[in-house]
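> So here's coords-v3.txt, just compact mmCIF, C-alpha atoms and all ligand atoms:
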```
# COMPACT_ATOMS: atom_id res chain seq x y z
CA MET R 8 66.10 49.02 -97.56
CA LYS R 9 62.44 49.11 -98.53
CA LYS R 10 60.56 52.28 -97.69
CA ILE R 11 57.48 51.15 -95.81
CA ALA R 12 54.82 53.59 -94.64
CA VAL R 13 51.83 53.08 -92.39
CA PHE R 14 48.67 55.00 -93.27
CA PRO R 15 46.70 54.90 -90.02
CA GLY R 16 43.08 55.87 -89.56
CA SER R 17 39.57 54.78 -88.71
CA PHE R 18 38.43 54.37 -92.33
CA ASP R 19 34.80 54.33 -91.18
CA PRO R 20 34.30 53.98 -94.13
CA ILE R 21 37.15 54.40 -96.63
CA THR R 22 36.50 57.33 -99.01
CA ILE R 23 37.87 58.44 -102.36
CA GLY R 24 39.90 60.97 -100.34
CA HIS R 25 41.74 58.15 -98.55
CA GLN R 26 42.13 56.31 -101.84
CA GLU R 27 43.82 59.29 -103.45
CA ILE R 28 46.26 59.69 -100.53
CA VAL R 29 47.29 56.04 -100.93
CA ARG R 30 47.60 56.40 -104.70
CA ARG R 31 49.92 59.39 -104.28
CA GLY R 32 51.78 57.77 -101.41
CA LEU R 33 52.72 54.91 -103.71
CA HIS R 34 54.94 57.36 -105.63
CA LEU R 35 56.90 57.97 -102.43
CA PHE R 36 57.01 54.55 -100.75
CA ASP R 37 57.63 50.96 -101.79
CA GLU R 38 54.86 49.63 -99.57
CA ILE R 39 51.93 51.13 -97.74
CA VAL R 40 50.31 49.36 -94.81
CA ILE R 41 46.84 50.74 -94.19
CA GLY R 42 46.37 50.42 -90.44
CA ILE R 43 42.82 50.40 -89.15
CA GLY R 44 43.09 51.63 -85.58
CA ASN R 45 40.69 49.56 -83.55
CA ASN R 46 39.97 52.05 -80.82
CA THR R 47 37.73 50.26 -78.37
CA SER R 48 36.57 53.52 -76.74
CA LYS R 49 35.38 54.91 -80.10
CA ASN R 50 32.02 53.69 -81.40
CA SER R 51 32.33 52.92 -85.07
CA TYR R 52 29.57 52.91 -87.68
CA PHE R 53 30.95 49.93 -89.59
CA PRO R 54 32.41 47.02 -87.61
CA VAL R 55 36.15 46.62 -88.06
CA ASP R 56 35.82 43.48 -90.22
CA LYS R 57 33.66 45.39 -92.72
CA ARG R 58 36.08 48.34 -92.82
CA PHE R 59 38.86 45.82 -93.43
CA ALA R 60 36.93 44.07 -96.23
CA PHE R 61 36.15 47.39 -97.99
CA ILE R 62 39.82 48.41 -98.01
CA GLU R 63 40.99 44.97 -99.11
CA LYS R 64 38.60 45.11 -102.04
CA VAL R 65 39.65 48.61 -103.10
CA PHE R 66 43.34 47.68 -103.24
CA SER R 67 43.04 44.04 -104.30
CA ALA R 68 44.94 44.74 -107.54
CA GLU R 69 47.76 46.66 -105.82
CA PRO R 70 50.32 44.28 -104.29
CA ARG R 71 52.21 47.15 -102.63
CA VAL R 72 49.23 47.98 -100.41
CA SER R 73 48.16 45.84 -97.47
CA VAL R 74 45.66 46.33 -94.68
CA THR R 75 45.97 45.41 -91.01
CA VAL R 76 43.91 46.08 -87.93
CA TYR R 77 45.85 47.28 -84.91
CA GLU R 78 45.35 48.33 -81.33
CA GLY R 79 47.60 50.52 -79.26
CA LEU R 80 50.03 53.22 -80.30
CA THR R 81 50.60 53.89 -83.99
CA ILE R 82 54.38 54.10 -83.45
CA ASP R 83 54.38 50.60 -81.92
CA PHE R 84 52.38 49.33 -84.89
CA CYS R 85 54.92 50.96 -87.25
CA LYS R 86 57.77 49.14 -85.50
CA ARG R 87 55.96 45.81 -85.87
CA MET R 88 55.50 46.53 -89.59
CA ASN R 89 59.15 47.72 -90.03
CA ALA R 90 57.75 51.06 -91.20
CA ASN R 91 59.77 54.25 -90.75
CA PHE R 92 57.04 56.54 -92.05
CA ILE R 93 53.52 57.52 -91.14
CA ILE R 94 51.33 59.03 -93.86
CA ARG R 95 48.56 61.43 -92.97
CA GLY R 96 46.32 63.41 -95.26
CA LEU R 97 45.69 67.12 -94.76
CA ARG R 98 42.46 68.71 -95.91
CA THR R 99 42.19 71.90 -93.90
CA ALA R 100 44.01 74.13 -91.43
CA ALA R 101 42.06 72.37 -88.68
CA ASP R 102 43.48 69.02 -89.84
CA PHE R 103 46.93 70.58 -89.76
CA GLU R 104 46.66 71.81 -86.16
CA PHE R 105 45.39 68.46 -84.96
CA GLU R 106 47.93 66.46 -86.94
CA ARG R 107 50.83 68.71 -85.99
CA ALA R 108 50.51 67.86 -82.31
CA ILE R 109 50.18 64.12 -82.95
CA ALA R 110 53.16 64.10 -85.32
CA GLN R 111 55.32 66.06 -82.89
CA MET R 112 54.37 63.80 -79.97
CA ASN R 113 55.04 60.70 -82.07
CA SER R 114 58.37 62.11 -83.18
CA SER R 115 59.35 62.89 -79.64
CA MET R 116 58.48 59.33 -78.57
CA GLU R 117 60.10 57.71 -81.63
CA PRO R 118 62.44 60.00 -83.64
CA ALA R 119 63.17 57.27 -86.21
CA ILE R 120 59.59 57.41 -87.48
CA GLU R 121 58.84 60.38 -89.74
CA THR R 122 55.31 61.61 -90.40
CA VAL R 123 54.76 62.63 -94.01
CA PHE R 124 51.76 64.81 -94.88
CA ILE R 125 50.02 64.71 -98.21
CA ILE R 126 47.74 67.66 -98.96
CA SER R 127 44.47 66.50 -100.47
CA GLY R 128 43.52 67.51 -103.98
CA PRO R 129 40.91 70.30 -103.92
CA GLU R 130 38.18 67.98 -105.16
CA TYR R 131 38.76 65.68 -102.17
CA SER R 132 39.12 68.17 -99.35
CA PRO R 133 35.41 68.33 -98.39
CA ILE R 134 35.11 64.55 -98.21
CA SER R 135 35.10 63.01 -94.77
CA SER R 136 34.00 59.66 -93.37
CA SER R 137 31.93 61.47 -90.73
CA ILE R 138 29.81 63.32 -93.32
CA ILE R 139 29.43 60.09 -95.28
CA ARG R 140 28.15 58.38 -92.13
CA GLU R 141 25.58 61.15 -91.67
CA ILE R 142 24.40 60.72 -95.26
CA LEU R 143 24.18 56.95 -94.78
CA LYS R 144 22.18 57.33 -91.55
CA ASN R 145 19.70 59.40 -93.51
CA ARG R 146 19.61 56.91 -96.37
CA GLY R 147 21.28 59.22 -98.87
CA ASP R 148 23.46 58.24 -101.81
CA VAL R 149 27.18 58.23 -101.02
CA SER R 150 28.38 56.49 -104.19
CA LYS R 151 30.19 59.62 -105.44
CA PHE R 152 32.32 59.77 -102.32
CA VAL R 153 33.40 56.18 -101.81
CA PRO R 154 35.48 53.94 -104.07
CA ALA R 155 33.52 52.20 -106.82
CA GLY R 156 32.23 48.70 -106.21
CA LEU R 157 31.67 48.89 -102.44
CA ASP R 158 28.31 47.88 -101.05
CA LEU R 159 27.82 50.04 -97.99
CA SER R 160 24.14 49.20 -97.51
P1 LIG J 1 41.23 59.35 -88.07
O1 LIG J 1 40.09 58.94 -87.19
O2 LIG J 1 42.56 58.84 -87.64
O3 LIG J 1 41.26 60.81 -88.45
P2 LIG J 1 40.27 58.91 -90.76
O4 LIG J 1 39.91 57.60 -91.36
O5 LIG J 1 39.18 59.91 -90.60
O6 LIG J 1 40.96 58.53 -89.41
O7 LIG J 1 41.44 59.58 -91.61
C1 LIG J 1 42.64 58.91 -91.84
C2 LIG J 1 43.59 59.86 -92.55
O8 LIG J 1 43.09 60.19 -93.83
C3 LIG J 1 43.82 61.19 -91.84
O9 LIG J 1 45.17 61.57 -92.06
C4 LIG J 1 42.90 62.12 -92.55
O10 LIG J 1 43.36 63.46 -92.48
C5 LIG J 1 43.03 61.59 -93.96
N1 LIG J 1 41.88 61.93 -94.77
C6 LIG J 1 40.57 61.68 -94.50
N2 LIG J 1 39.79 62.14 -95.49
C7 LIG J 1 40.61 62.71 -96.41
C8 LIG J 1 40.40 63.41 -97.65
N3 LIG J 1 39.18 63.61 -98.13
N4 LIG J 1 41.49 63.85 -98.32
C9 LIG J 1 42.73 63.67 -97.80
N5 LIG J 1 42.99 63.04 -96.64
C10 LIG J 1 41.95 62.56 -95.94
```
As structure tokens, what does this structure read like?

Amino acid sequence: MKKIAVFPGSFDPITIGHQEIVRRGLHLFDEIVIGIGNNTSKNSYFPVDKRFAFIEKVFSAEPRVSVTVYEGLTIDFCKRMNANFIIRGLRTAADFEFERAIAQMNSSMEPAIETVFIISGPEYSPISSSIIREILKNRGDVSKFVPAGLDLS
């Protein structure tokens, strides 16, 4: 049976931190489905179609990575994708506390789906989409923090 993992998130926008989690996840799983959670109550900076296009471009040469937009619970999305794993990245202790509760709730709702945490490399741990959005709002240069070749302007 193929090991399929969902990597869920907002990816608003995708960063080199996300990219490195996917790259490392590919050592563990046969396929990774990047799931862009389209949370209607959350105002995004980039519309979902742009976030989708950025991710598609970044992984265009990697056939084991796909990208899908979803609404609703991540565990329901995993079932639709035949995925038994959820990947989440951990940067800080604060990430851990937040993620712990979500993973435990998900596991209690659907024990067959295991959340796997990948600790970010030290060079990636300060990178967050929210700080990148702040830099963009103030017309700063984010090219160091996002995958090469994306036009975020
Ligand atoms: P969410 O809104 O679900 O937190 P994000 O797009 O911000 O969505 O993050 C998606 C996942 O990627 C989360 O597991 C987050 O911890 C992880 N992540 C974000 N930035 C980094 C980074 N720099 N290094 C490692 N993991 C990261």
> Please identify every polymer residue within 10 Å of ligand LIG 1 (chain J), using only C-alpha atoms and all ligand atoms, and present the set as an NGL selection string.
:R and (14-29 or 41-44 or 46 or 49 or 93-99 or 101-103 or 105-106 or 123-137 or 152)
> Dump C-alpha atoms for the selected residues as a compact mmCIF listing (two decimals), in the frame of the given file?

```txt
# COMPACT_ATOMS: atom_id res chain seq x y z
CA PHE R 14 48.67 55.00 -93.27
CA PRO R 15 46.70 54.90 -90.02
CA GLY R 16 43.08 55.87 -89.56
CA SER R 17 39.57 54.78 -88.71
CA PHE R 18 38.43 54.37 -92.33
CA ASP R 19 34.80 54.33 -91.18
CA PRO R 20 34.30 53.98 -94.13
CA ILE R 21 37.15 54.40 -96.63
CA THR R 22 36.50 57.33 -99.01
CA ILE R 23 37.87 58.44 -102.36
CA GLY R 24 39.90 60.97 -100.34
CA HIS R 25 41.74 58.15 -98.55
CA GLN R 26 42.13 56.31 -101.84
CA GLU R 27 43.82 59.29 -103.45
CA ILE R 28 46.26 59.69 -100.53
CA VAL R 29 47.29 56.04 -100.93
CA ILE R 41 46.84 50.74 -94.19
CA GLY R 42 46.37 50.42 -90.44
CA ILE R 43 42.82 50.40 -89.15
CA GLY R 44 43.09 51.63 -85.58
CA ASN R 46 39.97 52.05 -80.82
CA LYS R 49 35.38 54.91 -80.10
CA ILE R 93 53.52 57.52 -91.14
CA ILE R 94 51.33 59.03 -93.86
CA ARG R 95 48.56 61.43 -92.97
CA GLY R 96 46.32 63.41 -95.26
CA LEU R 97 45.69 67.12 -94.76
CA ARG R 98 42.46 68.71 -95.91
CA THR R 99 42.19 71.90 -93.90
CA ALA R 101 42.06 72.37 -88.68
CA ASP R 102 43.48 69.02 -89.84
CA PHE R 103 46.93 70.58 -89.76
CA PHE R 105 45.39 68.46 -84.96
CA GLU R 106 47.93 66.46 -86.94
CA VAL R 123 54.76 62.63 -94.01
CA PHE R 124 51.76 64.81 -94.88
CA ILE R 125 50.02 64.71 -98.21
CA ILE R 126 47.74 67.66 -98.96
CA SER R 127 44.47 66.50 -100.47
CA GLY R 128 43.52 67.51 -103.98
CA PRO R 129 40.91 70.30 -103.92
CA GLU R 130 38.18 67.98 -105.16
CA TYR R 131 38.76 65.68 -102.17
CA SER R 132 39.12 68.17 -99.35
CA PRO R 133 35.41 68.33 -98.39
CA ILE R 134 35.11 64.55 -98.21
CA SER R 135 35.10 63.01 -94.77
CA SER R 136 34.00 59.66 -93.37
CA SER R 137 31.93 61.47 -90.73
CA PHE R 152 32.32 59.77 -102.32
```
> Please write as a PyMOL selection string the list of polymer residues whose atoms come within 10 Å of (52.1, 60.7, -84.2), counting only C-alpha atoms and keeping to the coordinates of the file.
chain R and resi 15+80-82+93-95+106-117+120-122
> For the residues in that selection, give me C-alpha atoms as a compact mmCIF listing (two decimals), in the frame of the given file.

```txt
# COMPACT_ATOMS: atom_id res chain seq x y z
CA PRO R 15 46.70 54.90 -90.02
CA LEU R 80 50.03 53.22 -80.30
CA THR R 81 50.60 53.89 -83.99
CA ILE R 82 54.38 54.10 -83.45
CA ILE R 93 53.52 57.52 -91.14
CA ILE R 94 51.33 59.03 -93.86
CA ARG R 95 48.56 61.43 -92.97
CA GLU R 106 47.93 66.46 -86.94
CA ARG R 107 50.83 68.71 -85.99
CA ALA R 108 50.51 67.86 -82.31
CA ILE R 109 50.18 64.12 -82.95
CA ALA R 110 53.16 64.10 -85.32
CA GLN R 111 55.32 66.06 -82.89
CA MET R 112 54.37 63.80 -79.97
CA ASN R 113 55.04 60.70 -82.07
CA SER R 114 58.37 62.11 -83.18
CA SER R 115 59.35 62.89 -79.64
CA MET R 116 58.48 59.33 -78.57
CA GLU R 117 60.10 57.71 -81.63
CA ILE R 120 59.59 57.41 -87.48
CA GLU R 121 58.84 60.38 -89.74
CA THR R 122 55.31 61.61 -90.40
```
> To one decimal place in Å, what is the distance between CA of Ala12 (chain R) and CA of Ala60 (chain R)?
20.3 Å
> Between CA of Glu38 (chain R) and CA of Ile62 (chain R), what distance in Å does the model show, to one decimal?
15.2 Å
> Could you tell me how far CA of Thr75 (chain R) sits from CA of Met88 (chain R), in Å to one decimal place?
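Between CA of Met88 (chain R) and CA of Thr75 (chain R) the gap works out to 9.7 Å.
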> Ranking R:Arg146, R:Thr47, R:Asp37, R:Asn89 by minimum distance to Pro70 (chain R) and counting all atoms listed in the file, which one comes first?
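Ranking R:Arg146, R:Thr47, R:Asp37, R:Asn89 by distance to Pro70 (chain R), first place goes to R:Asp37.
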> Kindly list the centre and edge lengths in Å, rounded to one decimal, for the axis-aligned box that covers all listed atoms of region 56-61 of chain R plus 4 Å on each of its six sides, as JSON.

```
{"center_x": 36.3, "center_y": 45.9, "center_z": -94.1, "size_x": 13.2, "size_y": 12.9, "size_z": 15.8}
```
> Compare R:Val40, R:Val74, R:Val55, R:Leu35 by their minimum atom-to-atom distance to Val13 (chain R), counting only C-alpha atoms, and give me the closest one.
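For Val13 (chain R), the nearest of the candidates is R:Val40.
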> Measuring between all atoms listed in the file, which one of R:Val72, R:Phe61, R:Asn50, R:Ile142 shows the shortest distance to Arg30 (chain R)?
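Closest residue, counting all atoms listed in the file: R:Val72.
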